[in-house]
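Participant: Following this line is start31.txt, made up of compact mmCIF, C-alpha atoms and all ligand atoms:
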# COMPACT_ATOMS: atom_id res chain seq x y z
CA MET A 288 11.77 6.95 31.94
CA GLN A 289 14.29 4.27 31.16
CA ASN A 290 11.51 1.75 30.70
CA GLU A 291 9.59 4.10 28.48
CA SER A 292 12.55 4.71 26.20
CA LYS A 293 13.29 0.98 26.10
CA LYS A 294 9.71 0.28 25.10
CA SER A 295 9.55 2.78 22.27
CA TRP A 296 13.07 2.30 20.97
CA GLY A 297 13.73 0.74 17.64
CA ARG A 298 11.88 -0.10 14.50
CA GLY A 299 10.36 -3.27 13.21
CA VAL A 300 6.93 -4.83 13.24
CA ILE A 301 7.31 -6.41 16.67
CA ALA A 302 8.22 -3.03 18.22
CA ARG A 303 5.30 -1.37 16.42
CA TYR A 304 2.58 -4.01 16.79
CA ARG A 305 3.71 -6.17 19.71
CA GLU A 306 0.25 -6.35 21.31
CA TYR A 307 -1.21 -8.03 18.20
CA LEU A 308 1.59 -10.57 17.75
CA PRO A 309 2.28 -13.92 19.45
CA VAL A 310 5.29 -12.62 21.39
CA SER A 311 5.98 -12.10 25.09
CA GLN A 312 8.74 -10.57 27.18
CA ALA A 313 10.46 -13.97 26.92
CA THR A 314 10.70 -13.74 23.13
CA PRO A 315 14.15 -12.69 21.91
CA VAL A 316 13.34 -10.18 19.17
CA VAL A 317 15.23 -10.73 15.93
CA THR A 318 14.65 -7.67 13.77
CA LEU A 319 16.20 -5.76 10.91
CA GLY A 320 13.78 -2.84 11.22
CA GLU A 321 11.24 -4.29 8.78
CA GLY A 322 7.79 -2.82 8.05
CA SER A 323 6.60 0.82 8.02
CA THR A 324 6.92 0.74 4.24
CA PRO A 325 5.54 3.64 2.20
CA LEU A 326 1.96 3.72 0.99
CA ILE A 327 2.46 5.65 -2.23
CA GLU A 328 -0.42 7.40 -3.97
CA THR A 329 -0.16 6.75 -7.71
CA PRO A 330 -1.94 9.50 -9.71
CA LYS A 331 -1.32 8.10 -13.18
CA LEU A 332 -2.41 4.63 -12.21
CA SER A 333 -5.44 6.14 -10.47
CA ASP A 334 -6.38 7.93 -13.70
CA ARG A 335 -6.20 4.71 -15.68
CA ILE A 336 -8.20 2.74 -13.12
CA GLY A 337 -10.80 5.37 -12.24
CA ALA A 338 -10.14 4.97 -8.52
CA ARG A 339 -7.78 6.33 -5.90
CA VAL A 340 -4.95 3.83 -6.08
CA PHE A 341 -2.10 3.42 -3.61
CA VAL A 342 0.90 1.13 -3.86
CA LYS A 343 2.11 -0.46 -0.63
CA TYR A 344 5.76 -0.72 -1.60
CA GLU A 345 7.01 -3.78 0.23
CA GLY A 346 10.19 -3.85 -1.82
CA LEU A 347 11.55 -1.37 0.73
CA ASN A 348 11.80 -3.93 3.50
CA PRO A 349 15.34 -4.83 4.67
CA THR A 350 15.78 -7.77 2.29
CA GLY A 351 13.60 -6.20 -0.40
CA SER A 352 10.33 -8.06 0.08
CA PHE A 353 7.30 -8.44 2.37
CA LYS A 354 8.71 -11.71 3.72
CA ASP A 355 10.66 -9.79 6.36
CA ARG A 356 7.46 -8.93 8.26
CA GLY A 357 6.72 -12.60 8.83
CA MET A 358 10.34 -13.61 9.19
CA THR A 359 11.00 -11.36 12.20
CA VAL A 360 8.17 -13.10 14.08
CA ALA A 361 8.94 -16.63 12.84
CA VAL A 362 12.66 -16.41 13.64
CA SER A 363 12.11 -14.73 17.01
CA LYS A 364 9.67 -17.50 17.99
CA ALA A 365 11.94 -20.22 16.62
CA LEU A 366 14.77 -18.85 18.76
CA GLU A 367 12.49 -18.71 21.79
CA ARG A 368 11.71 -22.41 21.26
CA GLY A 369 15.41 -23.20 21.11
CA ALA A 370 15.78 -23.83 17.37
CA GLN A 371 19.31 -24.30 16.11
CA ALA A 372 18.55 -24.20 12.40
CA LEU A 373 15.92 -22.88 10.01
CA ILE A 374 14.73 -24.39 6.77
CA CYS A 375 12.50 -23.18 3.95
CA ALA A 376 11.49 -23.92 0.39
CA SER A 377 11.42 -20.83 -1.74
CA THR A 378 10.96 -19.17 -5.08
CA GLY A 379 13.63 -16.76 -3.83
CA ASN A 380 12.33 -14.11 -1.46
CA THR A 381 11.59 -16.33 1.51
CA SER A 382 15.10 -17.76 1.24
CA ALA A 383 16.67 -14.29 1.06
CA SER A 384 14.75 -13.21 4.13
CA ALA A 385 15.30 -16.43 6.10
CA ALA A 386 19.03 -16.28 5.37
CA ALA A 387 19.30 -12.70 6.63
CA TYR A 388 17.26 -13.23 9.82
CA ALA A 389 19.11 -16.49 10.57
CA ALA A 390 22.40 -14.62 10.25
CA ARG A 391 21.07 -11.96 12.59
CA ALA A 392 19.94 -14.64 15.08
CA GLY A 393 23.23 -16.52 14.82
CA ILE A 394 21.67 -19.81 13.73
CA ARG A 395 22.03 -21.97 10.63
CA CYS A 396 19.73 -21.78 7.65
CA ALA A 397 19.11 -24.19 4.78
CA VAL A 398 17.14 -23.10 1.73
CA ILE A 399 15.69 -25.54 -0.80
CA LEU A 400 15.17 -23.98 -4.22
CA PRO A 401 13.92 -25.04 -7.65
CA ALA A 402 17.08 -25.20 -9.78
CA GLY A 403 17.40 -22.51 -12.42
CA LYS A 404 14.19 -20.71 -11.39
CA ILE A 405 15.44 -18.22 -8.81
CA ALA A 406 16.02 -14.58 -9.79
CA SER A 407 19.71 -13.75 -9.52
CA GLY A 408 19.39 -11.04 -6.87
CA LYS A 409 17.56 -13.40 -4.53
CA MET A 410 20.12 -16.16 -5.01
CA VAL A 411 22.90 -13.69 -4.25
CA GLN A 412 21.15 -12.70 -1.02
CA ALA A 413 20.90 -16.28 0.28
CA ILE A 414 24.58 -16.86 -0.49
CA ALA A 415 25.71 -13.52 0.93
CA HIS A 416 23.98 -14.22 4.25
CA GLY A 417 25.65 -17.60 4.51
CA ALA A 418 22.70 -19.94 4.04
CA ARG A 419 23.25 -23.50 2.86
CA VAL A 420 21.67 -23.41 -0.60
CA VAL A 421 20.31 -26.65 -2.04
CA SER A 422 18.86 -26.57 -5.56
CA ILE A 423 16.56 -29.42 -6.50
CA ASP A 424 15.64 -30.79 -9.84
CA GLY A 425 11.98 -29.96 -9.24
CA ASN A 426 9.67 -27.01 -8.67
CA PHE A 427 8.66 -25.02 -5.58
CA ASP A 428 5.88 -27.47 -4.72
CA ASP A 429 8.41 -30.35 -4.64
CA ALA A 430 10.74 -28.26 -2.48
CA LEU A 431 7.97 -27.49 0.02
CA ARG A 432 7.01 -31.16 0.27
CA ILE A 433 10.59 -32.06 1.17
CA VAL A 434 10.83 -29.20 3.67
CA ARG A 435 7.63 -30.33 5.43
CA GLU A 436 9.10 -33.82 5.80
CA LEU A 437 12.42 -32.54 7.13
CA GLY A 438 10.61 -30.19 9.51
CA ASP A 439 8.53 -33.07 10.86
CA GLN A 440 11.73 -34.80 11.91
CA GLY A 441 12.36 -31.95 14.34
CA GLU A 442 15.85 -30.97 13.21
CA PHE A 443 14.82 -27.68 11.58
CA ALA A 444 12.27 -24.95 12.26
CA ILE A 445 10.25 -24.36 9.10
CA VAL A 446 9.92 -20.68 8.21
CA ASN A 447 7.64 -21.00 5.19
CA SER A 448 4.19 -19.42 5.50
CA ILE A 449 2.78 -22.77 6.70
CA ASN A 450 4.30 -21.52 9.96
CA PRO A 451 1.51 -19.40 11.56
CA ASP A 452 4.08 -16.98 13.01
CA ARG A 453 4.87 -15.89 9.46
CA ILE A 454 1.21 -15.07 8.76
CA ALA A 455 0.95 -13.23 12.09
CA GLY A 456 3.87 -10.98 11.15
CA GLN A 457 2.63 -10.36 7.63
CA LYS A 458 -0.80 -9.15 8.80
CA THR A 459 0.93 -5.99 10.10
CA ALA A 460 0.95 -4.63 6.54
CA ALA A 461 -2.86 -4.40 6.72
CA PHE A 462 -2.57 -2.63 10.10
CA GLU A 463 -0.21 -0.06 8.61
CA ILE A 464 -2.57 0.64 5.73
CA VAL A 465 -5.56 1.19 8.03
CA ASP A 466 -3.46 3.29 10.41
CA GLU A 467 -2.40 5.49 7.51
CA LEU A 468 -5.69 5.78 5.60
CA GLY A 469 -7.81 6.00 8.75
CA ASP A 470 -9.98 3.17 7.42
CA ALA A 471 -9.64 0.02 5.32
CA PRO A 472 -9.52 0.50 1.54
CA ASP A 473 -12.46 -0.71 -0.55
CA ILE A 474 -10.33 -3.07 -2.61
CA HIS A 475 -7.01 -4.77 -1.92
CA VAL A 476 -5.14 -6.36 -4.81
CA LEU A 477 -2.05 -8.52 -4.48
CA PRO A 478 -0.17 -11.32 -6.20
CA LEU A 479 -1.23 -14.83 -5.24
CA GLY A 480 1.45 -17.52 -5.08
CA ASN A 481 1.59 -19.83 -2.08
CA ALA A 482 -1.41 -17.79 -0.84
CA GLY A 483 0.02 -16.90 2.58
CA ASN A 484 0.10 -13.16 2.08
CA LEU A 485 -3.50 -12.74 0.98
CA THR A 486 -4.51 -14.83 4.00
CA ALA A 487 -2.38 -12.63 6.25
CA TYR A 488 -3.85 -9.36 4.94
CA ALA A 489 -7.40 -10.67 5.35
CA ALA A 490 -6.59 -11.67 8.95
CA GLY A 491 -5.09 -8.24 9.64
CA TYR A 492 -8.03 -6.31 8.20
CA SER A 493 -10.53 -8.44 10.07
CA GLU A 494 -8.66 -8.16 13.38
CA TYR A 495 -8.51 -4.37 13.06
CA LYS A 496 -12.20 -4.16 12.18
CA LYS A 497 -13.13 -6.19 15.26
CA LEU A 498 -11.15 -3.67 17.32
CA GLY A 499 -13.13 -0.82 15.77
CA LYS A 500 -10.14 0.60 13.93
CA SER A 501 -11.87 0.41 10.56
CA ARG A 502 -15.46 0.45 9.38
CA GLY A 503 -15.36 -2.02 6.54
CA LEU A 504 -13.34 -4.85 5.05
CA PRO A 505 -11.80 -4.65 1.59
CA ARG A 506 -12.61 -7.02 -1.22
CA MET A 507 -9.54 -9.18 -1.57
CA ILE A 508 -8.43 -9.69 -5.17
CA GLY A 509 -5.63 -12.17 -5.85
CA ILE A 510 -3.78 -12.07 -9.17
CA GLN A 511 -2.11 -15.15 -10.65
CA ALA A 512 -0.04 -15.64 -13.78
CA GLU A 513 -1.95 -17.31 -16.60
CA HIS A 514 0.08 -20.55 -16.58
CA ALA A 515 0.57 -20.70 -12.82
CA ALA A 516 -3.01 -20.18 -11.72
CA PRO A 517 -4.24 -23.10 -9.58
CA VAL A 518 -6.61 -21.00 -7.50
CA PHE A 519 -8.17 -19.39 -10.58
CA HIS A 520 -8.60 -22.75 -12.35
CA ARG A 521 -9.50 -24.56 -9.13
CA ARG A 522 -7.04 -27.37 -9.81
CA VAL A 523 -3.42 -28.22 -9.07
CA ILE A 524 -1.08 -27.18 -11.89
CA GLU A 525 1.66 -29.81 -12.25
CA LYS A 526 4.09 -27.68 -14.24
CA PRO A 527 3.45 -24.02 -13.51
CA GLU A 528 5.29 -21.53 -15.73
CA THR A 529 5.62 -17.77 -15.61
CA VAL A 530 8.21 -15.05 -16.00
CA ALA A 531 7.15 -13.97 -12.49
CA SER A 532 9.24 -16.70 -10.86
CA ALA A 533 8.19 -15.67 -7.33
CA ILE A 534 4.65 -16.90 -8.00
CA ARG A 535 5.54 -19.95 -10.08
CA ILE A 536 3.51 -22.24 -7.81
CA GLY A 537 1.05 -24.97 -8.76
CA ASN A 538 -0.30 -26.14 -5.41
CA PRO A 539 -0.42 -23.31 -2.85
CA ALA A 540 -0.09 -24.25 0.82
CA SER A 541 -2.65 -21.70 2.05
CA TRP A 542 -5.07 -22.32 -0.82
CA GLU A 543 -8.16 -23.01 1.33
CA ALA A 544 -7.63 -20.14 3.73
CA ALA A 545 -7.03 -17.70 0.89
CA GLN A 546 -10.10 -18.95 -1.02
CA ARG A 547 -12.22 -18.45 2.09
CA ALA A 548 -10.84 -14.93 2.58
CA ILE A 549 -11.57 -14.07 -1.06
CA ASP A 550 -15.11 -15.48 -0.92
CA ASP A 551 -15.96 -13.92 2.46
CA SER A 552 -14.83 -10.51 1.24
CA GLY A 553 -16.72 -10.65 -2.07
CA GLY A 554 -13.40 -10.63 -3.88
CA ALA A 555 -12.02 -12.56 -6.82
CA VAL A 556 -9.04 -14.26 -8.40
CA GLU A 557 -7.96 -13.05 -11.82
CA ILE A 558 -5.21 -14.06 -14.22
CA VAL A 559 -2.79 -12.02 -16.31
CA THR A 560 -0.36 -13.02 -19.05
CA ASP A 561 3.42 -12.78 -18.77
CA ARG A 562 3.32 -10.04 -21.36
CA GLU A 563 0.81 -8.04 -19.31
CA ILE A 564 3.03 -8.50 -16.25
CA LEU A 565 6.15 -7.19 -17.99
CA GLU A 566 4.26 -4.29 -19.55
CA ALA A 567 2.86 -3.32 -16.16
CA GLN A 568 6.32 -3.59 -14.57
CA SER A 569 7.81 -1.28 -17.15
CA TRP A 570 4.88 1.16 -17.11
CA LEU A 571 4.94 1.47 -13.30
CA ALA A 572 8.69 2.08 -13.30
CA GLN A 573 8.50 4.66 -16.08
CA THR A 574 5.39 6.58 -15.06
CA GLU A 575 5.17 6.29 -11.28
CA GLY A 576 8.88 5.79 -10.52
CA ILE A 577 8.27 2.52 -8.68
CA PHE A 578 10.43 -0.42 -9.74
CA VAL A 579 9.08 -3.79 -8.69
CA GLU A 580 9.84 -7.37 -9.56
CA PRO A 581 7.58 -9.16 -12.07
CA ALA A 582 5.42 -10.94 -9.45
CA SER A 583 4.75 -7.55 -7.86
CA ALA A 584 3.70 -6.12 -11.20
CA ALA A 585 1.04 -8.85 -11.53
CA PRO A 586 -1.51 -6.98 -9.37
CA ILE A 587 -0.88 -3.79 -11.37
CA ALA A 588 -1.47 -5.76 -14.57
CA GLY A 589 -4.58 -7.24 -12.95
CA LEU A 590 -5.97 -3.83 -12.03
CA LEU A 591 -5.34 -2.53 -15.55
CA LYS A 592 -7.11 -5.57 -16.96
CA LEU A 593 -10.15 -5.10 -14.70
CA ALA A 594 -10.32 -1.45 -15.78
CA ARG A 595 -9.91 -2.35 -19.46
CA GLU A 596 -12.69 -4.92 -19.21
CA LYS A 597 -14.83 -2.41 -17.32
CA ARG A 598 -15.38 -4.89 -14.51
CA ARG A 599 -17.53 -2.50 -12.51
CA ASP A 600 -18.89 -5.47 -10.54
CA LEU A 601 -15.52 -5.69 -8.79
CA MET A 602 -14.33 -2.13 -9.27
CA PRO A 603 -17.08 0.47 -9.08
CA LYS A 604 -15.81 4.00 -9.72
CA ASP A 605 -14.11 6.27 -7.20
CA LEU A 606 -13.09 3.67 -4.69
CA THR A 607 -9.92 3.47 -2.67
CA VAL A 608 -7.68 0.67 -3.89
CA VAL A 609 -4.46 -0.57 -2.34
CA CYS A 610 -2.14 -2.71 -4.37
CA THR A 611 0.71 -4.54 -2.66
CA CYS A 612 3.93 -4.54 -4.63
CA THR A 613 5.62 -7.34 -2.80
CA GLY A 614 9.27 -7.23 -3.93
CA HIS A 615 11.90 -4.84 -5.29
CA GLY A 616 12.71 -4.71 -9.00
CA LEU A 617 16.44 -5.02 -8.36
CA LYS A 618 15.98 -8.63 -7.32
CA ASP A 619 15.41 -9.70 -10.90
CA PRO A 620 17.64 -7.46 -13.02
CA GLU A 621 18.03 -9.78 -16.04
CA ILE A 622 14.40 -9.37 -17.00
CA VAL A 623 14.88 -5.66 -17.62
CA SER A 624 18.50 -5.63 -18.76
CA ALA A 625 17.72 -8.25 -21.43
CA LYS A 626 15.57 -5.61 -23.13
CA PHE A 627 18.54 -3.31 -23.73
CA SER A 628 21.54 -4.04 -25.85
CA GLN A 629 24.54 -2.23 -24.41
CA ALA A 630 25.45 0.60 -26.81
CA ALA A 631 29.13 0.99 -27.71
CA PRO A 632 30.92 3.70 -25.68
CA VAL A 633 31.29 7.10 -27.39
CA ALA A 634 34.22 9.53 -27.47
CA PRO A 635 34.68 11.56 -24.24
CA ASN A 636 33.58 14.93 -25.64
CA ILE A 637 30.39 16.99 -25.49
CA GLU A 638 29.50 16.60 -29.18
CA ALA A 639 29.68 12.83 -29.14
CA VAL A 640 27.72 12.58 -25.88
CA ARG A 641 25.04 15.03 -27.09
CA GLU A 642 24.74 13.09 -30.32
CA ALA A 643 24.35 9.84 -28.35
CA ILE A 644 21.69 11.34 -26.07
CA THR A 645 19.55 12.60 -28.94
CA ARG A 646 20.07 9.60 -31.23
CA SER A 647 16.78 7.79 -31.75
N1 LIG B 701 5.30 -11.66 -4.52
C1 LIG B 701 6.55 -12.02 -4.28
C2 LIG B 701 7.63 -11.05 -4.65
C3 LIG B 701 6.84 -13.25 -3.67
O1 LIG B 701 8.10 -13.59 -3.43
C4 LIG B 701 5.78 -14.13 -3.36
C5 LIG B 701 6.02 -15.42 -2.76
C6 LIG B 701 4.48 -13.69 -3.63
C7 LIG B 701 4.26 -12.46 -4.21
C8 LIG B 701 3.30 -14.52 -3.33
O2 LIG B 701 3.00 -14.49 -1.97
O3 LIG B 701 3.16 -16.92 -1.60
O4 LIG B 701 2.17 -15.42 0.11
O5 LIG B 701 0.97 -15.87 -2.03
N2 LIG B 701 7.16 -15.92 -2.61
C9 LIG B 701 7.44 -17.16 -1.88
C10 LIG B 701 8.94 -17.34 -1.74
C11 LIG B 701 6.73 -18.34 -2.36
O6 LIG B 701 9.41 -18.47 -1.62
O7 LIG B 701 9.67 -16.35 -1.71
P1 LIG B 701 2.27 -15.75 -1.32
Could you render the structure from this file as structure tokens?

Facilitator:
Amino acid sequence: MQNESKKSWGRGVIARYREYLPVSQATPVVTLGEGSTPLIETPKLSDRIGARVFVKYEGLNPTGSFKDRGMTVAVSKALERGAQALICASTGNTSASAAAYAARAGIRCAVILPAGKIASGKMVQAIAHGARVVSIDGNFDDALRIVRELGDQGEFAIVNSINPDRIAGQKTAAFEIVDELGDAPDIHVLPLGNAGNLTAYAAGYSEYKKLGKSRGLPRMIGIQAEHAAPVFHRRVIEKPETVASAIRIGNPASWEAAQRAIDDSGGAVEIVTDREILEAQSWLAQTEGIFVEPASAAPIAGLLKLAREKRRDLMPKDLTVVCTCTGHGLKDPEIVSAKFSQAAPVAPNIEAVREAITRS
């Protein structure tokens, strides 16, 4: 009885999917109760797309992004191997997650970030959790190169998605989707940055299919921002630029694996403009009630574009589509708040307030 309750106690992806993860009884589990995020049916989006569309809302993880799924496994394994300190390069979410899980594990964490290109909420998280924050005069790709070199010297455990434990943890999102839908969706759309997450989903879907838990495999569709689209253009982009700072990456680490997953699944890579991203972000927040950061709105923008262009090759009618919205909108508040000028306060009486409400 005691054993049974010990086994089933607690939340988190290791508790839920232990048998599919590279952990043993010897692994000290570092968890913040990540995973089990809602799969939200989106009727208005479904209408526009002509398919049954669900949003996997990963912004509801403990640090507000999907990174927590991989971080629980990567930090638990790092601790098991005796690591004293973690390191990562990041466009913001990996650093927020690494900082939180390092704090939880009681070990040090250094995060290497492109100066001036991190959304404010993510920067605040790294600082709040006590990470050592180093901003470099370079982009994410430069930061990752430095992190690889430092990791090779053995002083730090790297917790970027080049660490296979991260990918292992992140594949649990695909498990959750199949567990909930009873089968794999026909199409899976997600933002493509360093390309770890698409690789992780493909691995999760294929593992579950081999176990007979689903009948098919979804087409994997990765969405990149127009000026940060190395996979789409099939070349390294030296100076990637996009409002979606999380996916401002010119030379993705998991490029090959993601390309293979896309090709094997009959999927595709598409690009969207910054304007399309911001429009999709605002539309999703205002019609479906789901507020996501710009990178997470990229797949919504991508879906809308495929529907607009009537790309029935990729999106035949009446399919089931899952779209991963990878991070919470609150991480990047300036993007939205910049659109509103703060109105002057009005007198504290009903007439003035009613007038202000109805003013156009
Ligand atoms: N969406 C968000 C919100 C992200 O933070 C990232 C990546 C991605 C999508 C792309 O996922 O890299 O696996 O293809 N963020 C990393 C970071 C690079 O440092 O936080 P990917």

Participant: Which polymer residues have any atom within 10 Å of an atom of Pro309 (chain A), counting only C-alpha atoms, with same-chain residues fewer than 5 positions away left out, as a PyMOL selection string?

Facilitator: chain A and resi 301+314+360-361+364+451-452+455-456

Participant: Could you list the protein, DNA and RNA residues that have any atom within 9 Å of ligand LIG 701 (chain B), counting all atoms listed in the file, and write them as JSON, numbers by chain?

Facilitator: {"A": [345, 346, 351, 352, 353, 354, 375, 376, 377, 378, 379, 380, 381, 382, 383, 384, 400, 409, 427, 447, 448, 454, 477, 478, 479, 480, 481, 482, 483, 484, 485, 486, 487, 509, 531, 532, 533, 534, 535, 536, 539, 540, 541, 542, 545, 579, 580, 581, 582, 583, 584, 585, 611, 612, 613, 614, 615]}

Participant: Would you work out the distance separating CA of Ala567 (chain A) from CA of Gly469 (chain A), expressed in Å to one decimal?

Facilitator: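 CA of Gly469 (chain A) lies 28.7 Å from CA of Ala567 (chain A).
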
Participant: Around (-1.9, -4.8, 5.5) in the file's frame, which residues reach within 10 Å when counting only C-alpha atoms? Return as a list in words?

Facilitator: Lys343, Gln457, Lys458, Thr459, Ala460, Ala461, Phe462, Glu463, Ile464, Val465, Asp466, Ala471, His475, Asn484, Leu485, Ala487, Tyr488, Ala489, Ala490, Gly491, Tyr492, Val609 and Thr611 of chain A

Participant: For the residues selected in the previous step, produce a file with C-alpha atoms as a PDB file, keeping the file's coordinate frame.

Facilitator:
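That gives us selection_10.pdb:
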ATOM      1  CA  LYS A 343       2.110  -0.460  -0.630  1.00  0.00           C
ATOM      2  CA  GLN A 457       2.630 -10.360   7.630  1.00  0.00           C
ATOM      3  CA  LYS A 458      -0.800  -9.150   8.800  1.00  0.00           C
ATOM      4  CA  THR A 459       0.930  -5.990  10.100  1.00  0.00           C
ATOM      5  CA  ALA A 460       0.950  -4.630   6.540  1.00  0.00           C
ATOM      6  CA  ALA A 461      -2.860  -4.400   6.720  1.00  0.00           C
ATOM      7  CA  PHE A 462      -2.570  -2.630  10.100  1.00  0.00           C
ATOM      8  CA  GLU A 463      -0.210  -0.060   8.610  1.00  0.00           C
ATOM      9  CA  ILE A 464      -2.570   0.640   5.730  1.00  0.00           C
ATOM     10  CA  VAL A 465      -5.560   1.190   8.030  1.00  0.00           C
ATOM     11  CA  ASP A 466      -3.460   3.290  10.410  1.00  0.00           C
ATOM     12  CA  ALA A 471      -9.640   0.020   5.320  1.00  0.00           C
ATOM     13  CA  HIS A 475      -7.010  -4.770  -1.920  1.00  0.00           C
ATOM     14  CA  ASN A 484       0.100 -13.160   2.080  1.00  0.00           C
ATOM     15  CA  LEU A 485      -3.500 -12.740   0.980  1.00  0.00           C
ATOM     16  CA  ALA A 487      -2.380 -12.630   6.250  1.00  0.00           C
ATOM     17  CA  TYR A 488      -3.850  -9.360   4.940  1.00  0.00           C
ATOM     18  CA  ALA A 489      -7.400 -10.670   5.350  1.00  0.00           C
ATOM     19  CA  ALA A 490      -6.590 -11.670   8.950  1.00  0.00           C
ATOM     20  CA  GLY A 491      -5.090  -8.240   9.640  1.00  0.00           C
ATOM     21  CA  TYR A 492      -8.030  -6.310   8.200  1.00  0.00           C
ATOM     22  CA  VAL A 609      -4.460  -0.570  -2.340  1.00  0.00           C
ATOM     23  CA  THR A 611       0.710  -4.540  -2.660  1.00  0.00           C
TER      24      THR A 611
END

Participant: If you measure from CA of Tyr344 (chain A) to CA of Pro325 (chain A), what distance in Å do you get, rounded to one decimal?

Facilitator: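 CA of Pro325 (chain A) lies at a distance of 5.8 Å from CA of Tyr344 (chain A).
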
Participant: So, counting all atoms listed in the file, which residue among A:Gly499, A:Gly589, A:Pro315, A:Pro330 is closest to Ala365 (chain A)?

Facilitator: A:Pro315

Participant: With distances taken over only C-alpha atoms, which residue among A:Leu347, A:Ala639, A:Val608, A:Val310 lies nearest Leu366 (chain A)?

Facilitator: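 Closest residue, counting only C-alpha atoms: A:Val310.
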
Participant: Around region 630-638 of chain A, with edges along x, y and z and 6 Å added on all six sides, what centre and edge lengths do you get, in Å to one decimal, as JSON?

Facilitator:
{"center_x": 30.1, "center_y": 8.8, "center_z": -26.7, "size_x": 21.2, "size_y": 28.4, "size_z": 16.9}

Participant: In Å to one decimal, how far is CA of Arg562 (chain A) from CA of Ile405 (chain A)?

Facilitator: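 Separating CA of Ile405 (chain A) from CA of Arg562 (chain A) is a distance of 19.3 Å.
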
Participant: Given the choices A:Ala515, A:Ile587, A:Ala555, A:Val411, which gets closest to Leu617 (chain A) if the distance is worked out from only C-alpha atoms?

Facilitator: A:Val411

Participant: Which one of A:Pro635, A:Pro472, A:Pro620, A:Gly417 sits closest to Ala390 (chain A) if you count all atoms listed in the file?

Facilitator: A:Gly417

Participant: From the set A:Gly393, A:Pro527, A:Gly441, A:Pro517, which residue has the shortest atom-to-atom contact distance to Asp429 (chain A), counting all atoms listed in the file?

Facilitator: A:Pro527

Participant: Determine, counting only C-alpha atoms, which protein, DNA and RNA residues have an atom within 12 Å of an atom of Ala630 (chain A); residues of the same chain fewer than 2 positions away are not included. Present the result as a VMD selection string.

Facilitator: chain A and resid 627 to 628 632 to 633 643 to 644 646
